[in-house]
Amino acid sequence: MKNMIRASFYKLFHDKATWISLAGTAAWSLFVSVMLTWIADGKLNASDAMVAEKYWRDFMGYHAVMVPLLVSSIVLFTSEFKDKSWKLFVAKGISRAGYYFSKLPCILTLAVMLSFVAITIGAAYGVAVLGMQFNAILAVLLIRYFMLQSVAHGTAAVLILTIYFLIKVSEVSSSINTVLLMFGTMALSKIETALSLGDALTGVWAFAQPLRVSFAGADDWIWILIVFAAYLAACSLAVILFGVRGDVE
């Protein structure tokens, strides 16, 4: 298992696609920042605290991390499924669970790396172009955003890898991930609204509300884990119901 994990990390850091993904994340984040300025129909003055808060909320709302994570993970984590080479690991005695868990820390690491690049580019654009003041307050805010985005997209990364592992076809998995991850939280929100629950569920899930999640409350973390587990189970069930088998043929 240790050798499998080491091999997975070696592939992650020596695959040029990883570095292209990081560069692509930087480019996408810059594009999102420029687009927000363009949509505002004028130069944003991010030295105003309220404007800066809206900038960050919109920056994250336009999936500055999620879009690169989806594209990058498709390229990096589905090639072995596409060419069937992953079956060689199973044939050599690596269990399916062992194969999955050897990839899990890698995709979580990728999510953290992409979050760091996106937040850094967003902050650099805000300071250089929008007049955002770089001080201790902003530094603490950026650390908080980075932690929240890492947690939020870490949970998403687990879902992405699980779906890849279930269906083992890159083109199909990319489509399913796009639908589930882009619109899944919207569906959850509609369901709890219909049940008169307010935002009791999605309001404490990092991916749904990245600006409001508190790391202090144990109850919040319990809710996050419960909701994420239920969401993962629902998405996995949806894939299975589409008739795709998870076992090796």
# chains A, B, ... in the order shown; residues from 1 in each chain; ligands from 1
$ residues_around --residues "Ala23 (chain A)" --least-positions-apart "2" --cutoff "12 Å" --atoms "only C-alpha atoms" --output "PyMOL selection string"
chain A and resi 16-21+25-30+68+72+113-114+117-118+121
$ write_last_selection --atoms "N, CA and C atoms" --output "compact mmCIF listing (two decimals), in the first residue's frame"
# COMPACT_ATOMS: atom_id res chain seq x y z
N LYS A 16 3.55 16.22 -16.40
CA LYS A 16 3.50 17.61 -16.82
C LYS A 16 2.09 18.17 -16.80
N ALA A 17 1.11 17.27 -16.84
CA ALA A 17 -0.28 17.72 -16.78
C ALA A 17 -0.58 18.42 -15.46
N THR A 18 0.10 18.02 -14.39
CA THR A 18 -0.10 18.66 -13.09
C THR A 18 0.29 20.13 -13.15
N TRP A 19 1.44 20.41 -13.72
CA TRP A 19 1.94 21.78 -13.79
C TRP A 19 1.15 22.60 -14.80
N ILE A 20 0.67 21.94 -15.86
CA ILE A 20 -0.23 22.63 -16.79
C ILE A 20 -1.53 22.98 -16.08
N SER A 21 -1.98 22.09 -15.21
CA SER A 21 -3.20 22.34 -14.45
C SER A 21 -3.04 23.54 -13.52
N THR A 25 -5.08 26.90 -13.78
CA THR A 25 -5.82 27.46 -12.64
C THR A 25 -5.52 28.94 -12.48
N ALA A 26 -4.24 29.29 -12.60
CA ALA A 26 -3.84 30.69 -12.51
C ALA A 26 -4.52 31.52 -13.61
N ALA A 27 -4.51 30.98 -14.82
CA ALA A 27 -5.13 31.68 -15.95
C ALA A 27 -6.64 31.83 -15.75
N TRP A 28 -7.29 30.75 -15.29
CA TRP A 28 -8.74 30.79 -15.06
C TRP A 28 -9.09 31.79 -13.95
N SER A 29 -8.30 31.79 -12.87
CA SER A 29 -8.54 32.72 -11.76
C SER A 29 -8.39 34.16 -12.22
N LEU A 30 -7.38 34.41 -13.03
CA LEU A 30 -7.19 35.75 -13.57
C LEU A 30 -8.36 36.14 -14.47
N PRO A 68 -11.08 24.27 -12.59
CA PRO A 68 -9.77 23.63 -12.78
C PRO A 68 -9.66 22.26 -12.14
N SER A 72 -8.64 19.17 -14.33
CA SER A 72 -7.36 18.57 -13.96
C SER A 72 -7.53 17.11 -13.53
N MET A 113 -3.52 22.35 -3.68
CA MET A 113 -2.62 23.11 -4.57
C MET A 113 -3.40 24.08 -5.44
N LEU A 114 -4.51 23.62 -6.01
CA LEU A 114 -5.31 24.48 -6.86
C LEU A 114 -5.95 25.61 -6.06
N VAL A 117 -3.27 28.29 -5.46
CA VAL A 117 -3.00 29.09 -6.66
C VAL A 117 -4.14 30.06 -6.92
N ALA A 118 -5.38 29.59 -6.82
CA ALA A 118 -6.53 30.44 -7.11
C ALA A 118 -6.63 31.61 -6.14
N ILE A 121 -3.77 34.17 -6.84
CA ILE A 121 -4.00 35.00 -8.02
C ILE A 121 -5.12 36.00 -7.76
$ residues_around --residues "region 125-130 of chain A" --least-positions-apart "3" --cutoff "12 Å" --atoms "only C-alpha atoms" --output "PyMOL selection string"
chain A and resi 26-27+29-37+40+42-49+51-56+59+118-122+133-135+138-139+142
$ write_last_selection --atoms "N, CA and C atoms" --output "CSV table (one decimal), in the first residue's frame"
chain,number,residue,atom,x,y,z
A,26,ALA,N,-4.2,29.3,-12.6
A,26,ALA,CA,-3.8,30.7,-12.5
A,26,ALA,C,-4.5,31.5,-13.6
A,27,ALA,N,-4.5,31.0,-14.8
A,27,ALA,CA,-5.1,31.7,-15.9
A,27,ALA,C,-6.6,31.8,-15.7
A,29,SER,N,-8.3,31.8,-12.9
A,29,SER,CA,-8.5,32.7,-11.8
A,29,SER,C,-8.4,34.2,-12.2
A,30,LEU,N,-7.4,34.4,-13.0
A,30,LEU,CA,-7.2,35.8,-13.6
A,30,LEU,C,-8.4,36.1,-14.5
A,31,PHE,N,-8.8,35.2,-15.3
A,31,PHE,CA,-10.0,35.4,-16.1
A,31,PHE,C,-11.2,35.8,-15.3
A,32,VAL,N,-11.4,35.0,-14.2
A,32,VAL,CA,-12.6,35.3,-13.4
A,32,VAL,C,-12.5,36.7,-12.8
A,33,SER,N,-11.3,37.1,-12.3
A,33,SER,CA,-11.1,38.4,-11.7
A,33,SER,C,-11.4,39.5,-12.7
A,34,VAL,N,-10.8,39.3,-13.9
A,34,VAL,CA,-11.0,40.3,-15.0
A,34,VAL,C,-12.5,40.4,-15.3
A,35,MET,N,-13.2,39.3,-15.4
A,35,MET,CA,-14.6,39.2,-15.8
A,35,MET,C,-15.4,39.9,-14.7
A,36,LEU,N,-15.1,39.8,-13.5
A,36,LEU,CA,-15.8,40.4,-12.4
A,36,LEU,C,-15.7,42.0,-12.5
A,37,THR,N,-14.5,42.4,-12.9
A,37,THR,CA,-14.3,43.8,-13.1
A,37,THR,C,-15.1,44.3,-14.3
A,40,ALA,N,-18.8,44.6,-13.5
A,40,ALA,CA,-19.1,45.7,-12.7
A,40,ALA,C,-19.3,47.0,-13.5
A,42,GLY,N,-17.0,49.0,-14.7
A,42,GLY,CA,-16.1,50.1,-14.2
A,42,GLY,C,-15.1,49.5,-13.3
A,43,LYS,N,-14.2,50.3,-12.8
A,43,LYS,CA,-13.1,49.8,-11.9
A,43,LYS,C,-13.7,49.6,-10.5
A,44,LEU,N,-13.5,48.4,-10.0
A,44,LEU,CA,-14.0,48.2,-8.6
A,44,LEU,C,-13.0,48.8,-7.7
A,45,ASN,N,-13.5,49.4,-6.6
A,45,ASN,CA,-12.6,49.9,-5.6
A,45,ASN,C,-12.6,49.0,-4.4
A,46,ALA,N,-11.7,48.0,-4.4
A,46,ALA,CA,-11.7,47.0,-3.4
A,46,ALA,C,-11.0,47.4,-2.1
A,47,SER,N,-10.7,48.7,-2.0
A,47,SER,CA,-10.2,49.3,-0.8
A,47,SER,C,-11.4,49.4,0.2
A,48,ASP,N,-12.6,49.4,-0.4
A,48,ASP,CA,-13.8,49.4,0.4
A,48,ASP,C,-14.1,48.0,0.9
A,49,ALA,N,-14.3,47.8,2.2
A,49,ALA,CA,-14.4,46.5,2.7
A,49,ALA,C,-15.6,45.7,2.1
A,51,VAL,N,-17.0,46.2,-0.9
A,51,VAL,CA,-16.7,45.8,-2.2
A,51,VAL,C,-15.8,44.6,-2.3
A,52,ALA,N,-14.8,44.6,-1.4
A,52,ALA,CA,-13.8,43.5,-1.3
A,52,ALA,C,-14.5,42.2,-1.0
A,53,GLU,N,-15.4,42.3,0.0
A,53,GLU,CA,-16.2,41.1,0.4
A,53,GLU,C,-17.0,40.5,-0.8
A,54,LYS,N,-17.6,41.4,-1.5
A,54,LYS,CA,-18.4,41.0,-2.7
A,54,LYS,C,-17.5,40.4,-3.8
A,55,TYR,N,-16.3,41.0,-3.9
A,55,TYR,CA,-15.4,40.5,-4.9
A,55,TYR,C,-15.0,39.0,-4.6
A,56,TRP,N,-14.7,38.8,-3.3
A,56,TRP,CA,-14.3,37.4,-2.9
A,56,TRP,C,-15.5,36.4,-3.1
A,59,PHE,N,-15.9,35.9,-6.7
A,59,PHE,CA,-14.7,35.1,-7.2
A,59,PHE,C,-14.9,33.6,-7.0
A,118,ALA,N,-5.4,29.6,-6.8
A,118,ALA,CA,-6.5,30.4,-7.1
A,118,ALA,C,-6.6,31.6,-6.1
A,119,ILE,N,-6.5,31.3,-4.8
A,119,ILE,CA,-6.6,32.4,-3.8
A,119,ILE,C,-5.4,33.4,-4.0
A,120,THR,N,-4.2,32.9,-4.3
A,120,THR,CA,-3.1,33.8,-4.5
A,120,THR,C,-3.3,34.7,-5.7
A,121,ILE,N,-3.8,34.2,-6.8
A,121,ILE,CA,-4.0,35.0,-8.0
A,121,ILE,C,-5.1,36.0,-7.8
A,122,GLY,N,-6.2,35.6,-7.1
A,122,GLY,CA,-7.3,36.5,-6.8
A,122,GLY,C,-6.8,37.6,-5.9
A,133,GLN,N,-6.1,46.6,0.0
A,133,GLN,CA,-5.0,46.9,0.9
A,133,GLN,C,-4.4,45.6,1.4
A,134,PHE,N,-3.1,45.4,1.2
A,134,PHE,CA,-2.5,44.2,1.7
A,134,PHE,C,-2.0,44.5,3.1
A,135,ASN,N,-2.6,43.9,4.1
A,135,ASN,CA,-2.3,44.2,5.5
A,135,ASN,C,-2.5,42.9,6.3
A,138,LEU,N,-6.0,41.4,5.7
A,138,LEU,CA,-6.2,40.6,4.5
A,138,LEU,C,-5.4,39.3,4.6
A,139,ALA,N,-4.3,39.3,5.2
A,139,ALA,CA,-3.5,38.1,5.3
A,139,ALA,C,-4.3,37.0,6.1
A,142,LEU,N,-7.1,35.8,3.9
A,142,LEU,CA,-6.7,34.9,2.8
A,142,LEU,C,-6.4,33.5,3.3
$ atom_distance --atom1 "CA of Leu161 (chain A)" --atom2 "CA of Tyr145 (chain A)"
23.6 Å
$ atom_distance --atom1 "CA of Ser115 (chain A)" --atom2 "CA of Ile160 (chain A)"
15.9 Å
$ residues_around --residues "region 7-9 of chain A" --least-positions-apart "3" --cutoff "10 Å" --atoms "only C-alpha atoms" --output "MDAnalysis selection string"
chainID A and resid 1:4 12:15 77 99 102:107 109
$ write_last_selection --atoms "all heavy atoms" --output "short mmCIF file (atom, residue, chain, number, x, y, z; two decimals), in the first residue's frame"
data_model
loop_
_atom_site.label_atom_id
_atom_site.label_comp_id
_atom_site.auth_asym_id
_atom_site.auth_seq_id
_atom_site.Cartn_x
_atom_site.Cartn_y
_atom_site.Cartn_z
N MET A 1 0.83 -1.21 0.00
CA MET A 1 0.00 0.00 0.00
C MET A 1 0.87 1.26 0.00
O MET A 1 0.60 2.23 -0.71
CB MET A 1 -0.92 -0.02 1.22
CG MET A 1 -1.87 1.15 1.30
SD MET A 1 -3.07 1.14 -0.04
CE MET A 1 -4.05 2.58 0.39
N LYS A 2 1.94 1.24 0.82
CA LYS A 2 2.84 2.39 0.87
C LYS A 2 3.48 2.64 -0.49
O LYS A 2 3.62 3.78 -0.93
CB LYS A 2 3.93 2.17 1.94
CG LYS A 2 3.44 2.26 3.37
CD LYS A 2 4.58 2.09 4.33
CE LYS A 2 4.11 2.21 5.77
NZ LYS A 2 5.23 2.03 6.74
N ASN A 3 3.92 1.55 -1.13
CA ASN A 3 4.54 1.70 -2.45
C ASN A 3 3.54 2.24 -3.48
O ASN A 3 3.90 3.03 -4.35
CB ASN A 3 5.09 0.36 -2.92
CG ASN A 3 6.31 -0.07 -2.13
OD1 ASN A 3 7.01 0.77 -1.57
ND2 ASN A 3 6.56 -1.36 -2.07
N MET A 4 2.28 1.82 -3.35
CA MET A 4 1.25 2.30 -4.27
C MET A 4 1.01 3.79 -4.08
O MET A 4 0.87 4.54 -5.05
CB MET A 4 -0.05 1.52 -4.03
CG MET A 4 -1.11 1.76 -5.07
SD MET A 4 -0.64 1.13 -6.69
CE MET A 4 -1.97 1.79 -7.68
N LEU A 12 1.88 12.01 -9.82
CA LEU A 12 1.24 13.32 -9.71
C LEU A 12 2.24 14.45 -9.93
O LEU A 12 1.98 15.39 -10.69
CB LEU A 12 0.57 13.46 -8.33
CG LEU A 12 -0.08 14.82 -8.03
CD1 LEU A 12 -1.30 15.03 -8.91
CD2 LEU A 12 -0.47 14.92 -6.56
N PHE A 13 3.38 14.37 -9.26
CA PHE A 13 4.34 15.48 -9.30
C PHE A 13 5.29 15.42 -10.49
O PHE A 13 6.00 16.39 -10.75
CB PHE A 13 5.13 15.53 -8.00
CG PHE A 13 4.33 16.00 -6.82
CD1 PHE A 13 3.99 15.15 -5.79
CD2 PHE A 13 3.87 17.32 -6.76
CE1 PHE A 13 3.24 15.58 -4.71
CE2 PHE A 13 3.12 17.76 -5.69
CZ PHE A 13 2.80 16.89 -4.67
N HIS A 14 5.31 14.31 -11.20
CA HIS A 14 6.18 14.22 -12.37
C HIS A 14 5.41 14.24 -13.68
O HIS A 14 6.01 14.16 -14.74
CB HIS A 14 7.05 12.95 -12.30
CG HIS A 14 8.15 13.03 -11.28
ND1 HIS A 14 7.92 12.85 -9.93
CD2 HIS A 14 9.47 13.30 -11.40
CE1 HIS A 14 9.06 12.98 -9.27
NE2 HIS A 14 10.02 13.25 -10.13
N ASP A 15 4.11 14.33 -13.58
CA ASP A 15 3.28 14.43 -14.78
C ASP A 15 3.17 15.90 -15.17
O ASP A 15 2.76 16.74 -14.36
CB ASP A 15 1.89 13.85 -14.50
CG ASP A 15 1.09 13.63 -15.78
OD1 ASP A 15 1.28 14.40 -16.75
OD2 ASP A 15 0.26 12.70 -15.81
N PHE A 77 -6.52 11.60 -13.39
CA PHE A 77 -6.98 10.43 -12.63
C PHE A 77 -7.86 9.46 -13.42
O PHE A 77 -8.38 8.52 -12.85
CB PHE A 77 -7.73 10.89 -11.38
CG PHE A 77 -6.85 11.58 -10.37
CD1 PHE A 77 -6.68 12.95 -10.40
CD2 PHE A 77 -6.18 10.84 -9.41
CE1 PHE A 77 -5.87 13.58 -9.47
CE2 PHE A 77 -5.35 11.45 -8.49
CZ PHE A 77 -5.19 12.84 -8.52
N TYR A 99 -6.28 0.46 -4.25
CA TYR A 99 -6.06 1.33 -5.41
C TYR A 99 -6.76 2.67 -5.20
O TYR A 99 -6.19 3.73 -5.44
CB TYR A 99 -6.58 0.66 -6.67
CG TYR A 99 -6.38 1.47 -7.92
CD1 TYR A 99 -5.18 1.41 -8.62
CD2 TYR A 99 -7.37 2.31 -8.39
CE1 TYR A 99 -4.97 2.16 -9.76
CE2 TYR A 99 -7.19 3.07 -9.54
CZ TYR A 99 -5.99 2.99 -10.21
OH TYR A 99 -5.81 3.76 -11.34
N SER A 102 -5.06 4.79 -2.51
CA SER A 102 -3.75 5.30 -2.92
C SER A 102 -3.90 6.57 -3.75
O SER A 102 -3.01 7.42 -3.78
CB SER A 102 -2.99 4.24 -3.73
OG SER A 102 -3.58 4.05 -5.02
N LYS A 103 -5.02 6.71 -4.43
CA LYS A 103 -5.29 7.90 -5.23
C LYS A 103 -5.92 9.02 -4.41
O LYS A 103 -5.80 10.20 -4.78
CB LYS A 103 -6.23 7.55 -6.40
CG LYS A 103 -5.69 6.52 -7.37
CD LYS A 103 -4.44 7.02 -8.08
CE LYS A 103 -3.94 6.00 -9.09
NZ LYS A 103 -2.71 6.46 -9.78
N LEU A 104 -6.58 8.67 -3.32
CA LEU A 104 -7.30 9.66 -2.53
C LEU A 104 -6.42 10.78 -1.99
O LEU A 104 -6.75 11.96 -2.18
CB LEU A 104 -8.04 8.95 -1.38
CG LEU A 104 -8.96 9.81 -0.54
CD1 LEU A 104 -10.04 10.47 -1.40
CD2 LEU A 104 -9.60 8.98 0.57
N PRO A 105 -5.27 10.48 -1.33
CA PRO A 105 -4.43 11.59 -0.86
C PRO A 105 -3.88 12.45 -1.99
O PRO A 105 -3.62 13.64 -1.80
CB PRO A 105 -3.31 10.89 -0.08
CG PRO A 105 -3.30 9.49 -0.57
CD PRO A 105 -4.71 9.17 -0.93
N CYS A 106 -3.72 11.86 -3.18
CA CYS A 106 -3.21 12.62 -4.32
C CYS A 106 -4.22 13.64 -4.81
O CYS A 106 -3.87 14.80 -5.06
CB CYS A 106 -2.84 11.67 -5.46
SG CYS A 106 -1.43 10.62 -5.12
N ILE A 107 -5.48 13.24 -4.93
CA ILE A 107 -6.48 14.19 -5.43
C ILE A 107 -6.79 15.25 -4.38
O ILE A 107 -7.09 16.40 -4.71
CB ILE A 107 -7.76 13.46 -5.89
CG1 ILE A 107 -8.58 14.38 -6.82
CG2 ILE A 107 -8.59 12.97 -4.72
CD1 ILE A 107 -9.72 13.69 -7.52
N THR A 109 -4.46 16.40 -2.32
CA THR A 109 -3.30 17.30 -2.46
C THR A 109 -3.49 18.22 -3.65
O THR A 109 -3.19 19.42 -3.58
CB THR A 109 -2.01 16.47 -2.65
OG1 THR A 109 -1.82 15.64 -1.50
CG2 THR A 109 -0.81 17.38 -2.82
#
$ closest_residue --among "A:Ile5, A:Leu166, A:Val158, A:Ala97" --to "Ser73 (chain A)" --atoms "only C-alpha atoms"
A:Val158
$ select_by_dssp --residues "region 76-141 of chain A" --states "helix (DSSP H, G or I)" --output "ChimeraX atom specification"
/A:76-77,79-82,86-91,96-128,136-141
